[in-house]
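This is upload_5.cif (mmCIF, C-alpha atoms).
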data_protein
#
loop_
_atom_site.group_PDB
_atom_site.id
_atom_site.type_symbol
_atom_site.label_atom_id
_atom_site.label_comp_id
_atom_site.auth_asym_id
_atom_site.auth_seq_id
_atom_site.Cartn_x
_atom_site.Cartn_y
_atom_site.Cartn_z
ATOM 1 C CA ILE A 1 31.504 -33.504 30.319
ATOM 2 C CA LYS A 2 34.504 -31.215 30.648
ATOM 3 C CA THR A 3 35.337 -30.143 27.081
ATOM 4 C CA CYS A 4 37.994 -27.993 25.423
ATOM 5 C CA VAL A 5 37.704 -26.752 21.839
ATOM 6 C CA VAL A 6 41.043 -26.161 20.099
ATOM 7 C CA GLY A 7 40.872 -23.881 17.082
ATOM 8 C CA VAL A 8 43.366 -24.404 14.263
ATOM 9 C CA ASP A 9 41.316 -22.729 11.526
ATOM 10 C CA MET A 10 42.868 -19.443 10.390
ATOM 11 C CA GLN A 11 39.348 -18.215 9.543
ATOM 12 C CA ALA A 12 38.751 -18.189 13.337
ATOM 13 C CA ASP A 13 35.110 -19.278 13.145
ATOM 14 C CA ILE A 14 35.124 -20.830 16.630
ATOM 15 C CA THR A 15 36.856 -17.810 18.139
ATOM 16 C CA HIS A 16 34.307 -15.496 16.512
ATOM 17 C CA ALA A 17 31.415 -17.702 17.651
ATOM 18 C CA PHE A 18 32.559 -17.295 21.266
ATOM 19 C CA GLY A 19 33.315 -13.577 20.873
ATOM 20 C CA ILE A 20 36.947 -13.932 21.967
ATOM 21 C CA GLY A 21 39.775 -11.516 21.194
ATOM 22 C CA LEU A 22 39.311 -9.502 18.024
ATOM 23 C CA ALA A 23 36.094 -11.314 17.103
ATOM 24 C CA ASN A 24 34.028 -8.169 17.688
ATOM 25 C CA GLU A 25 36.090 -5.430 16.108
ATOM 26 C CA GLU A 26 33.326 -2.906 16.836
ATOM 27 C CA GLU A 27 34.546 -2.959 20.460
ATOM 28 C CA PHE A 28 37.803 -1.222 19.494
ATOM 29 C CA ASP A 29 38.009 2.513 18.983
ATOM 30 C CA SER A 30 41.433 2.479 17.370
ATOM 31 C CA LEU A 31 44.102 0.281 15.859
ATOM 32 C CA GLU A 32 46.167 0.925 18.998
ATOM 33 C CA ASP A 33 43.402 -0.621 21.156
ATOM 34 C CA ALA A 34 43.131 -3.626 18.813
ATOM 35 C CA ASN A 35 46.918 -4.159 18.809
ATOM 36 C CA ALA A 36 47.002 -4.051 22.607
ATOM 37 C CA SER A 37 44.218 -6.637 22.763
ATOM 38 C CA PHE A 38 45.897 -9.272 20.626
ATOM 39 C CA GLN A 39 49.319 -8.660 22.174
ATOM 40 C CA ASP A 40 47.771 -9.665 25.501
ATOM 41 C CA THR A 41 46.229 -12.820 24.010
ATOM 42 C CA PRO A 42 48.745 -15.693 23.706
ATOM 43 C CA SER A 43 48.383 -18.125 20.815
ATOM 44 C CA LEU A 44 49.422 -21.650 19.867
ATOM 45 C CA TYR A 45 52.318 -19.991 18.025
ATOM 46 C CA ASP A 46 53.479 -18.371 21.283
ATOM 47 C CA PHE A 47 53.176 -21.763 22.989
ATOM 48 C CA ALA A 48 55.251 -23.474 20.270
ATOM 49 C CA GLN A 49 57.963 -20.857 20.771
ATOM 50 C CA GLY A 50 57.968 -21.343 24.553
ATOM 51 C CA LYS A 51 56.549 -17.851 25.194
ATOM 52 C CA ALA A 52 53.333 -19.127 26.797
ATOM 53 C CA THR A 53 52.141 -22.190 28.665
ATOM 54 C CA LEU A 54 49.248 -24.339 27.523
ATOM 55 C CA LYS A 55 47.254 -23.065 30.483
ATOM 56 C CA ASP A 56 47.817 -19.477 29.236
ATOM 57 C CA LEU A 57 45.957 -20.313 26.009
ATOM 58 C CA VAL A 58 42.750 -21.636 27.587
ATOM 59 C CA PHE A 59 39.763 -19.282 27.787
ATOM 60 C CA LYS A 60 36.779 -20.024 29.985
ATOM 61 C CA THR A 61 33.364 -19.703 28.347
ATOM 62 C CA GLU A 62 30.021 -18.938 29.953
ATOM 63 C CA LEU A 63 29.377 -22.676 30.106
ATOM 64 C CA PRO A 64 31.159 -24.073 33.180
ATOM 65 C CA THR A 65 32.301 -27.268 31.426
ATOM 66 C CA LEU A 66 33.414 -25.688 28.134
ATOM 67 C CA ASP A 67 36.765 -23.990 27.518
ATOM 68 C CA ILE A 68 38.427 -22.909 24.268
ATOM 69 C CA ILE A 69 41.868 -22.347 22.833
ATOM 70 C CA PRO A 70 41.036 -19.694 20.245
ATOM 71 C CA GLU A 71 42.446 -19.333 16.766
ATOM 72 C CA SER A 72 44.643 -16.396 15.893
ATOM 73 C CA ALA A 73 46.349 -14.862 12.901
ATOM 74 C CA GLU A 74 49.589 -16.322 14.278
ATOM 75 C CA LEU A 75 48.507 -19.792 13.099
ATOM 76 C CA VAL A 76 50.244 -18.842 9.845
ATOM 77 C CA GLY A 77 53.491 -18.584 11.825
ATOM 78 C CA LEU A 78 52.799 -21.868 13.602
ATOM 79 C CA GLU A 79 52.296 -23.597 10.255
ATOM 80 C CA ALA A 80 55.706 -22.310 9.076
ATOM 81 C CA LEU A 81 57.368 -23.223 12.393
ATOM 82 C CA LEU A 82 56.059 -26.800 12.246
ATOM 83 C CA HIS A 83 57.837 -27.357 8.928
ATOM 84 C CA THR A 84 61.144 -27.064 10.806
ATOM 85 C CA LYS A 85 60.317 -29.681 13.459
ATOM 86 C CA PHE A 86 60.944 -33.415 13.510
ATOM 87 C CA GLN A 87 57.762 -35.465 13.989
ATOM 88 C CA ARG A 88 55.881 -32.348 12.832
ATOM 89 C CA GLU A 89 52.710 -34.343 12.111
ATOM 90 C CA ASN A 90 52.458 -35.212 15.815
ATOM 91 C CA TRP A 91 53.239 -31.814 17.342
ATOM 92 C CA LEU A 92 49.608 -30.978 18.191
ATOM 93 C CA LYS A 93 48.948 -34.450 19.610
ATOM 94 C CA ASP A 94 52.112 -34.603 21.705
ATOM 95 C CA ASN A 95 52.168 -31.021 22.967
ATOM 96 C CA VAL A 96 48.529 -29.923 23.107
ATOM 97 C CA ILE A 97 45.944 -32.709 22.881
ATOM 98 C CA THR A 98 47.576 -35.342 25.120
ATOM 99 C CA PRO A 99 48.220 -32.830 27.949
ATOM 100 C CA LEU A 100 44.672 -31.434 27.606
ATOM 101 C CA LEU A 101 43.191 -34.930 27.939
ATOM 102 C CA LYS A 102 44.634 -35.062 31.461
ATOM 103 C CA GLU A 103 42.251 -32.228 32.418
ATOM 104 C CA TYR A 104 39.361 -32.637 29.965
ATOM 105 C CA ASP A 105 37.049 -35.523 29.134
ATOM 106 C CA PHE A 106 36.700 -34.425 25.530
ATOM 107 C CA VAL A 107 38.807 -32.290 23.159
ATOM 108 C CA ILE A 108 37.350 -30.993 19.900
ATOM 109 C CA ILE A 109 39.669 -29.639 17.212
ATOM 110 C CA ASP A 110 38.148 -27.195 14.724
ATOM 111 C CA SER A 111 40.059 -27.394 11.432
ATOM 112 C CA PRO A 112 39.864 -25.435 8.190
ATOM 113 C CA PRO A 113 38.236 -26.913 5.084
ATOM 114 C CA SER A 114 41.507 -26.975 3.141
ATOM 115 C CA TRP A 115 44.349 -29.367 3.911
ATOM 116 C CA ASN A 116 47.549 -28.041 5.466
ATOM 117 C CA LEU A 117 50.052 -29.147 8.107
ATOM 118 C CA LEU A 118 47.767 -28.016 10.933
ATOM 119 C CA VAL A 119 44.981 -30.207 9.514
ATOM 120 C CA THR A 120 47.421 -33.117 9.281
ATOM 121 C CA ASN A 121 48.255 -32.494 12.951
ATOM 122 C CA ALA A 122 44.576 -32.304 13.911
ATOM 123 C CA ILE A 123 43.687 -35.541 12.131
ATOM 124 C CA THR A 124 46.729 -37.370 13.495
ATOM 125 C CA ALA A 125 45.682 -36.328 17.005
ATOM 126 C CA SER A 126 42.064 -37.440 16.546
ATOM 127 C CA ASP A 127 40.062 -40.485 17.508
ATOM 128 C CA LEU A 128 37.122 -39.327 15.394
ATOM 129 C CA LEU A 129 37.021 -37.192 12.242
ATOM 130 C CA ILE A 130 33.667 -35.609 11.468
ATOM 131 C CA SER A 131 33.487 -34.253 7.920
ATOM 132 C CA PRO A 132 30.589 -32.089 6.771
ATOM 133 C CA ALA A 133 29.028 -33.363 3.554
ATOM 134 C CA GLU A 134 27.235 -30.390 2.047
ATOM 135 C CA CYS A 135 24.234 -31.283 -0.066
ATOM 136 C CA LYS A 136 25.463 -29.023 -2.852
ATOM 137 C CA ILE A 137 26.733 -29.965 -6.293
ATOM 138 C CA ASN A 138 30.355 -28.800 -5.915
ATOM 139 C CA HIS A 139 30.776 -30.660 -2.644
ATOM 140 C CA TYR A 140 29.150 -33.729 -4.172
ATOM 141 C CA ARG A 141 31.615 -33.615 -7.083
ATOM 142 C CA SER A 142 34.654 -33.525 -4.779
ATOM 143 C CA ILE A 143 33.622 -35.783 -1.914
ATOM 144 C CA ARG A 144 34.791 -39.079 -3.463
ATOM 145 C CA HIS A 145 38.265 -37.600 -4.018
ATOM 146 C CA PHE A 146 38.280 -36.279 -0.464
ATOM 147 C CA ASN A 147 37.224 -39.667 0.919
ATOM 148 C CA ASP A 148 39.942 -41.438 -1.091
ATOM 149 C CA PHE A 149 42.515 -38.915 0.112
ATOM 150 C CA VAL A 150 41.521 -39.403 3.766
ATOM 151 C CA GLU A 151 41.677 -43.191 3.416
ATOM 152 C CA LYS A 152 45.141 -43.019 1.807
ATOM 153 C CA PHE A 153 46.332 -40.642 4.512
ATOM 154 C CA LYS A 154 44.928 -42.934 7.192
ATOM 155 C CA ALA A 155 46.748 -45.965 5.729
ATOM 156 C CA GLN A 156 50.071 -44.179 5.207
ATOM 157 C CA ALA A 157 50.012 -42.497 8.628
ATOM 158 C CA LYS A 158 48.915 -45.775 10.247
ATOM 159 C CA ALA A 159 46.155 -43.765 11.903
ATOM 160 C CA THR A 160 43.222 -45.430 13.639
ATOM 161 C CA PHE A 161 40.655 -42.621 13.787
ATOM 162 C CA LYS A 162 37.043 -43.295 12.865
ATOM 163 C CA HIS A 163 35.690 -41.150 10.007
ATOM 164 C CA ILE A 164 32.044 -40.146 9.729
ATOM 165 C CA TYR A 165 30.188 -37.765 7.431
ATOM 166 C CA LEU A 166 27.458 -35.405 8.517
ATOM 167 C CA PRO A 167 25.184 -34.161 5.705
ATOM 168 C CA THR A 168 24.701 -30.382 5.931
ATOM 169 C CA LYS A 169 22.996 -27.614 3.956
ATOM 170 C CA LEU A 170 20.116 -29.848 2.905
ATOM 171 C CA PHE A 171 17.293 -28.051 1.158
ATOM 172 C CA SER A 172 14.614 -30.731 1.349
ATOM 173 C CA ASN A 173 12.335 -28.791 -1.009
ATOM 174 C CA ARG A 174 14.994 -29.048 -3.759
ATOM 175 C CA LYS A 175 15.213 -32.327 -5.626
ATOM 176 C CA LEU A 176 18.965 -31.991 -6.326
ATOM 177 C CA SER A 177 19.807 -31.397 -2.675
ATOM 178 C CA SER A 178 17.717 -34.403 -1.582
ATOM 179 C CA GLU A 179 19.294 -36.627 -4.248
ATOM 180 C CA ILE A 180 22.797 -35.621 -3.134
ATOM 181 C CA ARG A 181 21.918 -36.468 0.473
ATOM 182 C CA HIS A 182 20.566 -39.853 -0.671
ATOM 183 C CA PHE A 183 23.801 -40.472 -2.584
ATOM 184 C CA TYR A 184 25.842 -39.757 0.555
ATOM 185 C CA LEU A 185 23.706 -42.074 2.668
ATOM 186 C CA THR A 186 23.975 -44.939 0.200
ATOM 187 C CA ASN A 187 27.555 -44.498 -1.068
ATOM 188 C CA LEU A 188 29.664 -42.923 1.670
ATOM 189 C CA PRO A 189 30.532 -45.242 4.541
ATOM 190 C CA ASN A 190 29.588 -43.997 7.998
ATOM 191 C CA THR A 191 27.279 -41.172 6.890
ATOM 192 C CA LEU A 192 24.907 -40.100 9.641
ATOM 193 C CA THR A 193 21.202 -39.866 8.838
#

I'd like the structure from this file rewritten - as structure tokens, please.
Amino acid sequence: IKTCVVGVDMQADITHAFGIGLANEEEFDSLEDANASFQDTPSLYDFAQGKATLKDLVFKTELPTLDIIPESAELVGLEALLHTKFQRENWLKDNVITPLLKEYDFVIIDSPPSWNLLVTNAITASDLLISPAECKINHYRSIRHFNDFVEKFKAQAKATFKHIYLPTKLFSNRKLSSEIRHFYLTNLPNTLT
């Protein structure tokens, strides 16, 4: 399955996981070397400004069917730029995801845990939203509010994506963690076992 991962998380977890760009800062001897590296790496922000093509953003990985559009610090600029555009909630879908689906069977968007305009774009462009449901007390306390927020967003945006939860960080030897997982399975619709 030909897959492309699009990173819109300013924390750059996907980019770091694949070792792209400045992910391994130990490789650079000086700030000059680091600056040269990220100046040669186009970003979604460059694409939005017309300074790069979508093809320029795609990095090949060691897996022959997996490519990535890495995150960059310039996502902050993209977020600000999107606020000036009409149909800003659909920018990612119209300009990135739909064109990618002509070349890829599957596109995965990695989003940050906090809501912003890039997350709105990612969710609007999605067929499936997978939300981690950590088996920890703070996540448990906020998950109902998050679920309500997603459902309201879905209704107001007239979105049709499917939403599932994936329990994570389960410590089966801890009663509290197991009880939180049980709560998710019995109270959150579409929670995977």

Using all atoms listed in the file, which of the listed residues (A:Thr160, A:Thr41, A:Thr61, A:Asn95) sits closest to Asp127 of chain A? A:Thr160

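Across A:Thr15, A:Ser72, A:Asn147, A:Ser172, the tightest approach to Thr191 of chain A is made by A:Asn147 when counting all atoms listed in the file.
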
Atom-to-atom span, atom CA of Ile180 of chain A and atom CA of Asp148 of chain A, Å: 18.2 Å

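Counting all atoms listed in the file, the residue from A:Leu63, A:Ala122, A:Ile143, A:Ala48 that sits nearest to Asp110 of chain A is A:Ala122.
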
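With only C-alpha atoms taken into account, the protein and nucleic acid residues at most 6 Å from Ile109 of chain A (excluding it and anything under 2 positions from it in its own chain) are Val5, Val6 and Gly7 of chain A.
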
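Put simply, atom CA of Pro132 of chain A is 4.9 Å away from atom CA of Leu166 of chain A.
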
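With the shown file loaded, the PyMOL selection byres ((chain A and resi 82-93) around 9) picks out Ala48, Gly77, Leu78, Glu79, Ala80, Leu81, Asp94, Asn95, Val96, Ile97, Thr98, Pro99, Leu117, Leu118, Thr120, Asn121, Ala122, Thr124, Ala125 and Ser126 of chain A.
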
Padding of 8 Å on every side, edges along x, y and z, all listed atoms of segment 180-186 of chain A included: what centre and edge lengths in Å, to one decimal, does that box have, as JSON?
{"center_x": 23.2, "center_y": -40.3, "center_z": -0.2, "size_x": 21.3, "size_y": 25.3, "size_z": 21.8}
